[in-house]
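The file input_29.cif contains mmCIF, C-alpha atoms:
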```cif
data_protein
loop_
_atom_site.group_PDB
_atom_site.id
_atom_site.type_symbol
_atom_site.label_atom_id
_atom_site.label_comp_id
_atom_site.auth_asym_id
_atom_site.auth_seq_id
_atom_site.Cartn_x
_atom_site.Cartn_y
_atom_site.Cartn_z
ATOM 1 C CA MET A 1 -88.366 10.084 28.462
ATOM 2 C CA ASP A 2 -90.841 12.343 30.260
ATOM 3 C CA VAL A 3 -92.685 14.879 28.224
ATOM 4 C CA LYS A 4 -93.707 17.962 30.183
ATOM 5 C CA THR A 5 -97.038 19.477 29.365
ATOM 6 C CA LYS A 6 -97.420 23.182 29.707
ATOM 7 C CA LYS A 7 -100.330 24.003 31.996
ATOM 8 C CA GLY A 8 -100.468 27.698 31.249
ATOM 9 C CA LYS A 9 -99.568 30.706 33.281
ATOM 10 C CA LYS A 10 -99.578 30.647 37.080
ATOM 11 C CA ARG A 11 -101.505 33.292 39.002
ATOM 12 C CA TRP A 12 -101.936 34.410 42.593
ATOM 13 C CA CYS A 13 -104.951 33.128 44.482
ATOM 14 C CA ALA A 14 -106.016 34.701 47.805
ATOM 15 C CA ILE A 15 -106.873 32.388 50.708
ATOM 16 C CA VAL A 16 -109.684 33.755 52.884
ATOM 17 C CA GLY A 17 -110.388 32.641 56.458
ATOM 18 C CA PRO A 18 -113.753 31.776 58.044
ATOM 19 C CA SER A 19 -116.227 34.306 59.435
ATOM 20 C CA TYR A 20 -114.952 33.847 63.018
ATOM 21 C CA PHE A 21 -111.681 35.446 61.897
ATOM 22 C CA LYS A 22 -113.647 38.199 60.091
ATOM 23 C CA ASN A 23 -112.915 36.685 56.667
ATOM 24 C CA ASN A 24 -109.326 37.958 56.881
ATOM 25 C CA GLN A 25 -106.920 37.003 54.152
ATOM 26 C CA LEU A 26 -104.764 34.160 55.456
ATOM 27 C CA GLY A 27 -102.280 34.258 52.624
ATOM 28 C CA GLU A 28 -101.820 33.795 48.911
ATOM 29 C CA SER A 29 -100.780 30.890 46.770
ATOM 30 C CA TYR A 30 -99.213 30.802 43.314
ATOM 31 C CA VAL A 31 -101.049 28.140 41.279
ATOM 32 C CA TYR A 32 -101.983 27.197 37.715
ATOM 33 C CA GLU A 33 -105.626 26.614 38.614
ATOM 34 C CA PRO A 34 -107.340 27.874 41.805
ATOM 35 C CA THR A 35 -109.164 24.527 42.072
ATOM 36 C CA ASP A 36 -105.771 22.887 42.743
ATOM 37 C CA LEU A 37 -105.949 24.457 46.208
ATOM 38 C CA ILE A 38 -108.970 22.439 47.383
ATOM 39 C CA ASN A 39 -108.088 20.218 50.409
ATOM 40 C CA LYS A 40 -104.694 21.927 50.884
ATOM 41 C CA THR A 41 -103.872 23.042 54.438
ATOM 42 C CA ILE A 42 -102.353 26.291 55.623
ATOM 43 C CA GLU A 43 -101.044 27.080 59.114
ATOM 44 C CA VAL A 44 -101.243 30.648 60.433
ATOM 45 C CA ASN A 45 -100.078 32.119 63.727
ATOM 46 C CA LEU A 46 -103.025 33.225 65.883
ATOM 47 C CA SER A 47 -101.409 36.520 66.889
ATOM 48 C CA ASN A 48 -101.262 37.520 63.207
ATOM 49 C CA LEU A 49 -104.951 36.692 62.777
ATOM 50 C CA ILE A 50 -106.416 38.493 65.765
ATOM 51 C CA GLY A 51 -103.687 41.045 66.469
ATOM 52 C CA ASP A 52 -103.011 39.851 70.033
ATOM 53 C CA ALA A 53 -99.286 39.397 70.744
ATOM 54 C CA ARG A 54 -100.056 37.137 73.747
ATOM 55 C CA LYS A 55 -101.327 34.469 71.342
ATOM 56 C CA GLN A 56 -98.037 34.125 69.433
ATOM 57 C CA ASN A 57 -97.488 30.590 70.762
ATOM 58 C CA ILE A 58 -100.577 29.226 69.015
ATOM 59 C CA ASN A 59 -101.012 28.196 65.395
ATOM 60 C CA ILE A 60 -104.337 27.644 63.671
ATOM 61 C CA GLN A 61 -104.545 25.188 60.807
ATOM 62 C CA PHE A 62 -107.024 25.778 57.973
ATOM 63 C CA LYS A 63 -108.177 23.537 55.139
ATOM 64 C CA ILE A 64 -109.346 25.020 51.847
ATOM 65 C CA LYS A 65 -112.870 23.857 51.079
ATOM 66 C CA GLU A 66 -114.088 25.895 48.102
ATOM 67 C CA VAL A 67 -112.869 28.256 45.409
ATOM 68 C CA LYS A 68 -114.784 31.161 43.876
ATOM 69 C CA GLY A 69 -112.967 33.042 41.156
ATOM 70 C CA SER A 70 -109.469 33.825 42.408
ATOM 71 C CA GLU A 71 -110.391 33.420 46.106
ATOM 72 C CA ALA A 72 -110.089 30.184 48.061
ATOM 73 C CA TYR A 73 -112.211 29.827 51.213
ATOM 74 C CA ALA A 74 -110.796 27.913 54.168
ATOM 75 C CA GLU A 75 -112.292 26.440 57.328
ATOM 76 C CA THR A 76 -110.602 25.879 60.676
ATOM 77 C CA VAL A 77 -109.306 22.353 61.223
ATOM 78 C CA SER A 78 -107.110 22.577 64.324
ATOM 79 C CA TYR A 79 -105.652 24.697 67.120
ATOM 80 C CA LEU A 80 -102.047 23.836 67.979
ATOM 81 C CA MET A 81 -99.720 25.146 70.672
ATOM 82 C CA VAL A 82 -96.037 25.514 69.808
ATOM 83 C CA ALA A 83 -94.027 22.753 71.538
ATOM 84 C CA ALA A 84 -91.364 25.178 72.798
ATOM 85 C CA HIS A 85 -94.033 27.084 74.726
ATOM 86 C CA VAL A 86 -95.071 23.937 76.613
ATOM 87 C CA LYS A 87 -91.441 23.292 77.581
ATOM 88 C CA ARG A 88 -91.088 26.842 78.954
ATOM 89 C CA MET A 89 -94.177 26.446 81.177
ATOM 90 C CA VAL A 90 -92.812 23.532 83.214
ATOM 91 C CA ARG A 91 -90.756 24.290 86.340
ATOM 92 C CA ALA A 92 -89.133 22.135 89.021
ATOM 93 C CA GLY A 93 -91.252 20.992 91.948
ATOM 94 C CA ARG A 94 -94.475 20.898 89.932
ATOM 95 C CA GLU A 95 -96.454 18.217 88.160
ATOM 96 C CA LYS A 96 -97.095 18.322 84.427
ATOM 97 C CA LEU A 97 -100.165 16.430 83.266
ATOM 98 C CA ASP A 98 -100.777 15.564 79.631
ATOM 99 C CA ASP A 99 -103.984 13.988 78.454
ATOM 100 C CA SER A 100 -105.572 13.095 75.139
ATOM 101 C CA PHE A 101 -109.211 12.259 74.520
ATOM 102 C CA THR A 102 -111.963 12.620 71.939
ATOM 103 C CA ILE A 103 -115.419 14.092 72.342
ATOM 104 C CA GLU A 104 -118.417 14.409 70.081
ATOM 105 C CA THR A 105 -119.865 17.861 69.475
ATOM 106 C CA LYS A 106 -123.477 18.925 69.079
ATOM 107 C CA ASP A 107 -123.143 18.728 65.277
ATOM 108 C CA LYS A 108 -121.762 15.133 65.460
ATOM 109 C CA GLU A 109 -118.121 16.109 64.738
ATOM 110 C CA LYS A 110 -115.387 14.229 66.619
ATOM 111 C CA LEU A 111 -112.805 16.440 68.335
ATOM 112 C CA LYS A 112 -109.393 15.407 69.642
ATOM 113 C CA ILE A 113 -108.424 17.450 72.692
ATOM 114 C CA LYS A 114 -104.982 17.446 74.340
ATOM 115 C CA PRO A 115 -104.813 19.572 77.488
ATOM 116 C CA VAL A 116 -101.652 20.416 79.444
ATOM 117 C CA ILE A 117 -102.047 20.989 83.180
ATOM 118 C CA ILE A 118 -99.360 22.184 85.563
ATOM 119 C CA THR A 119 -99.974 22.006 89.306
ATOM 120 C CA LYS A 120 -98.494 24.369 91.873
ATOM 121 C CA ASN A 121 -96.810 21.509 93.793
ATOM 122 C CA LYS A 122 -96.141 17.793 93.549
ATOM 123 C CA ALA A 123 -99.345 15.755 93.790
ATOM 124 C CA LYS A 124 -100.437 12.156 94.333
ATOM 125 C CA ASN A 125 -101.540 10.083 91.366
ATOM 126 C CA SER A 126 -105.094 9.837 92.715
ATOM 127 C CA ILE A 127 -105.383 13.635 92.662
ATOM 128 C CA LEU A 128 -103.906 13.814 89.160
ATOM 129 C CA THR A 129 -106.506 11.276 88.000
ATOM 130 C CA LYS A 130 -109.310 13.388 89.519
ATOM 131 C CA ILE A 131 -107.970 16.421 87.635
ATOM 132 C CA ARG A 132 -107.894 14.485 84.349
ATOM 133 C CA MET A 133 -111.427 13.188 84.856
ATOM 134 C CA GLY A 134 -112.660 16.691 85.720
ATOM 135 C CA ILE A 135 -111.276 18.085 82.470
ATOM 136 C CA ARG A 136 -112.715 15.239 80.411
ATOM 137 C CA ASP A 137 -116.100 15.716 82.071
ATOM 138 C CA HIS A 138 -116.057 19.469 81.415
ATOM 139 C CA PHE A 139 -115.287 19.059 77.705
ATOM 140 C CA SER A 140 -117.809 16.245 77.203
ATOM 141 C CA LYS A 141 -120.542 18.467 78.692
ATOM 142 C CA MET A 142 -119.364 21.351 76.511
ATOM 143 C CA GLY A 143 -119.469 19.098 73.440
ATOM 144 C CA LYS A 144 -123.111 18.204 74.023
ATOM 145 C CA THR A 145 -124.197 21.850 73.850
ATOM 146 C CA LYS A 146 -121.729 23.437 71.394
ATOM 147 C CA ASN A 147 -120.314 22.839 67.920
ATOM 148 C CA PHE A 148 -116.622 22.887 66.913
ATOM 149 C CA GLN A 149 -116.534 26.604 66.068
ATOM 150 C CA GLU A 150 -118.094 27.560 69.435
ATOM 151 C CA ILE A 151 -115.671 25.338 71.368
ATOM 152 C CA LEU A 152 -112.747 26.786 69.385
ATOM 153 C CA LYS A 153 -113.927 30.310 70.223
ATOM 154 C CA GLU A 154 -114.118 29.393 73.933
ATOM 155 C CA VAL A 155 -110.549 28.004 73.844
ATOM 156 C CA ILE A 156 -109.118 30.969 71.901
ATOM 157 C CA ASP A 157 -110.766 33.452 74.282
ATOM 158 C CA ASN A 158 -109.460 31.405 77.290
ATOM 159 C CA ASN A 159 -112.999 31.044 78.680
ATOM 160 C CA ALA A 160 -112.861 27.244 78.705
ATOM 161 C CA GLN A 161 -109.500 27.219 80.505
ATOM 162 C CA ARG A 162 -110.746 29.734 83.084
ATOM 163 C CA GLU A 163 -113.880 27.689 83.813
ATOM 164 C CA ILE A 164 -111.889 24.462 84.189
ATOM 165 C CA LYS A 165 -109.281 26.091 86.430
ATOM 166 C CA SER A 166 -111.879 27.597 88.777
ATOM 167 C CA ARG A 167 -113.704 24.259 88.953
ATOM 168 C CA ILE A 168 -110.613 22.065 89.500
ATOM 169 C CA ASN A 169 -108.813 24.445 91.882
ATOM 170 C CA LYS A 170 -111.238 23.091 94.499
ATOM 171 C CA THR A 171 -109.649 19.642 94.042
ATOM 172 C CA TYR A 172 -106.020 20.778 93.854
ATOM 173 C CA PRO A 173 -104.410 24.161 93.138
ATOM 174 C CA LEU A 174 -103.409 24.518 89.490
ATOM 175 C CA SER A 175 -100.774 26.850 88.148
ATOM 176 C CA ILE A 176 -101.559 26.616 84.438
ATOM 177 C CA ILE A 177 -104.110 24.921 82.247
ATOM 178 C CA GLU A 178 -103.703 25.194 78.487
ATOM 179 C CA ILE A 179 -105.039 23.320 75.497
ATOM 180 C CA ARG A 180 -102.090 21.946 73.530
ATOM 181 C CA GLU A 181 -104.199 20.667 70.649
ATOM 182 C CA LEU A 182 -107.818 20.896 69.574
ATOM 183 C CA SER A 183 -108.499 19.309 66.208
ATOM 184 C CA LEU A 184 -111.194 17.701 64.111
ATOM 185 C CA CYS A 185 -110.911 13.930 63.672
ATOM 186 C CA ARG A 186 -111.793 13.119 60.076
#
```

Entire entry expressed as structure tokens:
Amino acid sequence: MDVKTKKGKKRWCAIVGPSYFKNNQLGESYVYEPTDLINKTIEVNLSNLIGDARKQNINIQFKIKEVKGSEAYAETVSYLMVAAHVKRMVRAGREKLDDSFTIETKDKEKLKIKPVIITKNKAKNSILTKIRMGIRDHFSKMGKTKNFQEILKEVIDNNAQREIKSRINKTYPLSIIEIRELSLCR
């Protein structure tokens, strides 16, 4: 027979985001001890964080790293695009390219990157390979000069996608380039 031990009274603990998101409150959790939250993950919609409705198809995942008093501090772990959004982007008569690769950042963190590329027309496999290699090359160069937070900021602000599109449009015209997933490999 199991004997339940009473842990005490539960209380609300605020979860605070990193400085890039202006230390906004990500949510609250109802726990016995705030230290129970360490290493827990929370997923928040990007449009709620930054107030931009155009980013409603992206979720950011945070991991709680430390607790001070009744506040838990989280760091960004991954950037994820909603699967339904990817399905809505694809149209007939176009090529959809998926890729997955890892890079190492300036601060020796390993990042998993999964881009989604949609061309304006059907293309040969040799051209699709050139596009994939161009994207991998761009992110590996970016990883040598920037850390995870800087790369995440570039992706959220669409600067990385814009740079890649302008560079690869010379090879073959692209309709859309998005990052489906950007996450730390730990």

Note to self: My list of candidates is A:Glu178, A:Glu33, A:Asp107, A:Glu95. Which is closest to Lys122 in chain A when distances are computed with all atoms listed in the file?
What the structure shows: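 Of A:Glu178, A:Glu33, A:Asp107, A:Glu95, the one nearest Lys122 in chain A, counting all atoms listed in the file, is A:Glu95.
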
Check: Quick one: residues within 7 Å of Leu174 in chain A, only C-alpha atoms counted, chain neighbours fewer than 3 positions away excluded, as a count of residues only?
Finding: 5

Notebook entry, point to check: Once the PyMOL selection byres ((chain A and resi 109) around 9) has been applied to the shown file, what residues remain in the selection, as a count of residues only?
Noted result: 13

Item checked: Separation of CA of Phe139 in chain A from CA of Ala160 in chain A, in Å and rounded to one decimal -> 8.6 Å

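Distances from A:Ile15, A:Lys55, A:Ile113, A:Asn24 to Asp157 in chain A were compared using all atoms listed in the file, and the smallest one belongs to A:Lys55.
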
Padding of 4 Å on every side, edges along x, y and z, all listed atoms of range 19-26 of chain A included: what centre and edge lengths in Å, to one decimal, does that box have, as lines of an AutoDock Vina configuration file?
```
center_x = -110.5
center_y = 36.0
center_z = 58.6
size_x = 19.5
size_y = 12.4
size_z = 16.9
```

Next item on the list: Mind giving me the straight-line distance from CA of Lys65 in chain A to CA of Tyr30 in chain A in Å, one decimal?
Entry: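 So the answer is 17.2 Å.
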
Item checked: Selection result for the PyMOL selection byres ((chain A and resi 162) around 12) on this file, as an MDAnalysis selection string -> chainID A and resid 135 138 154:161 163:169 174:179

Next item on the list: Please write as number ranges by chain the full residue list that the PyMOL selection byres ((chain A and resi 127) around 12) yields on this file.
Entry: A: 95, 97, 119, 121-126, 128-134, 168-174

Next item on the list: Compare A:Arg54, A:Lys40, A:Lys87, A:Arg136 by their minimum atom-to-atom distance to Asp99 in chain A, counting only C-alpha atoms, and give me the closest one.
Entry: A:Arg136

Notebook entry, point to check: Contacts of Tyr73 in chain A at 9 Å or less, counting all atoms listed in the file, minus same-chain residues fewer than 2 places along, as a list in words?
Noted result: Ala14, Ile15, Val16, Gly17, Pro18, Asn23, Ile38, Lys63, Ile64, Lys65, Glu66, Val67, Lys68, Glu71 and Glu75 of chain A

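Minimum distance to Leu46 in chain A across A:Ser183, A:Gln149, A:Ser140, A:Ser78 (counting all atoms listed in the file) occurs at A:Ser78.
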
Next item on the list: Would you mind reading off the distance between CA of Trp12 in chain A and CA of Ala74 in chain A, one decimal, in Å?
Entry: 16.0 Å
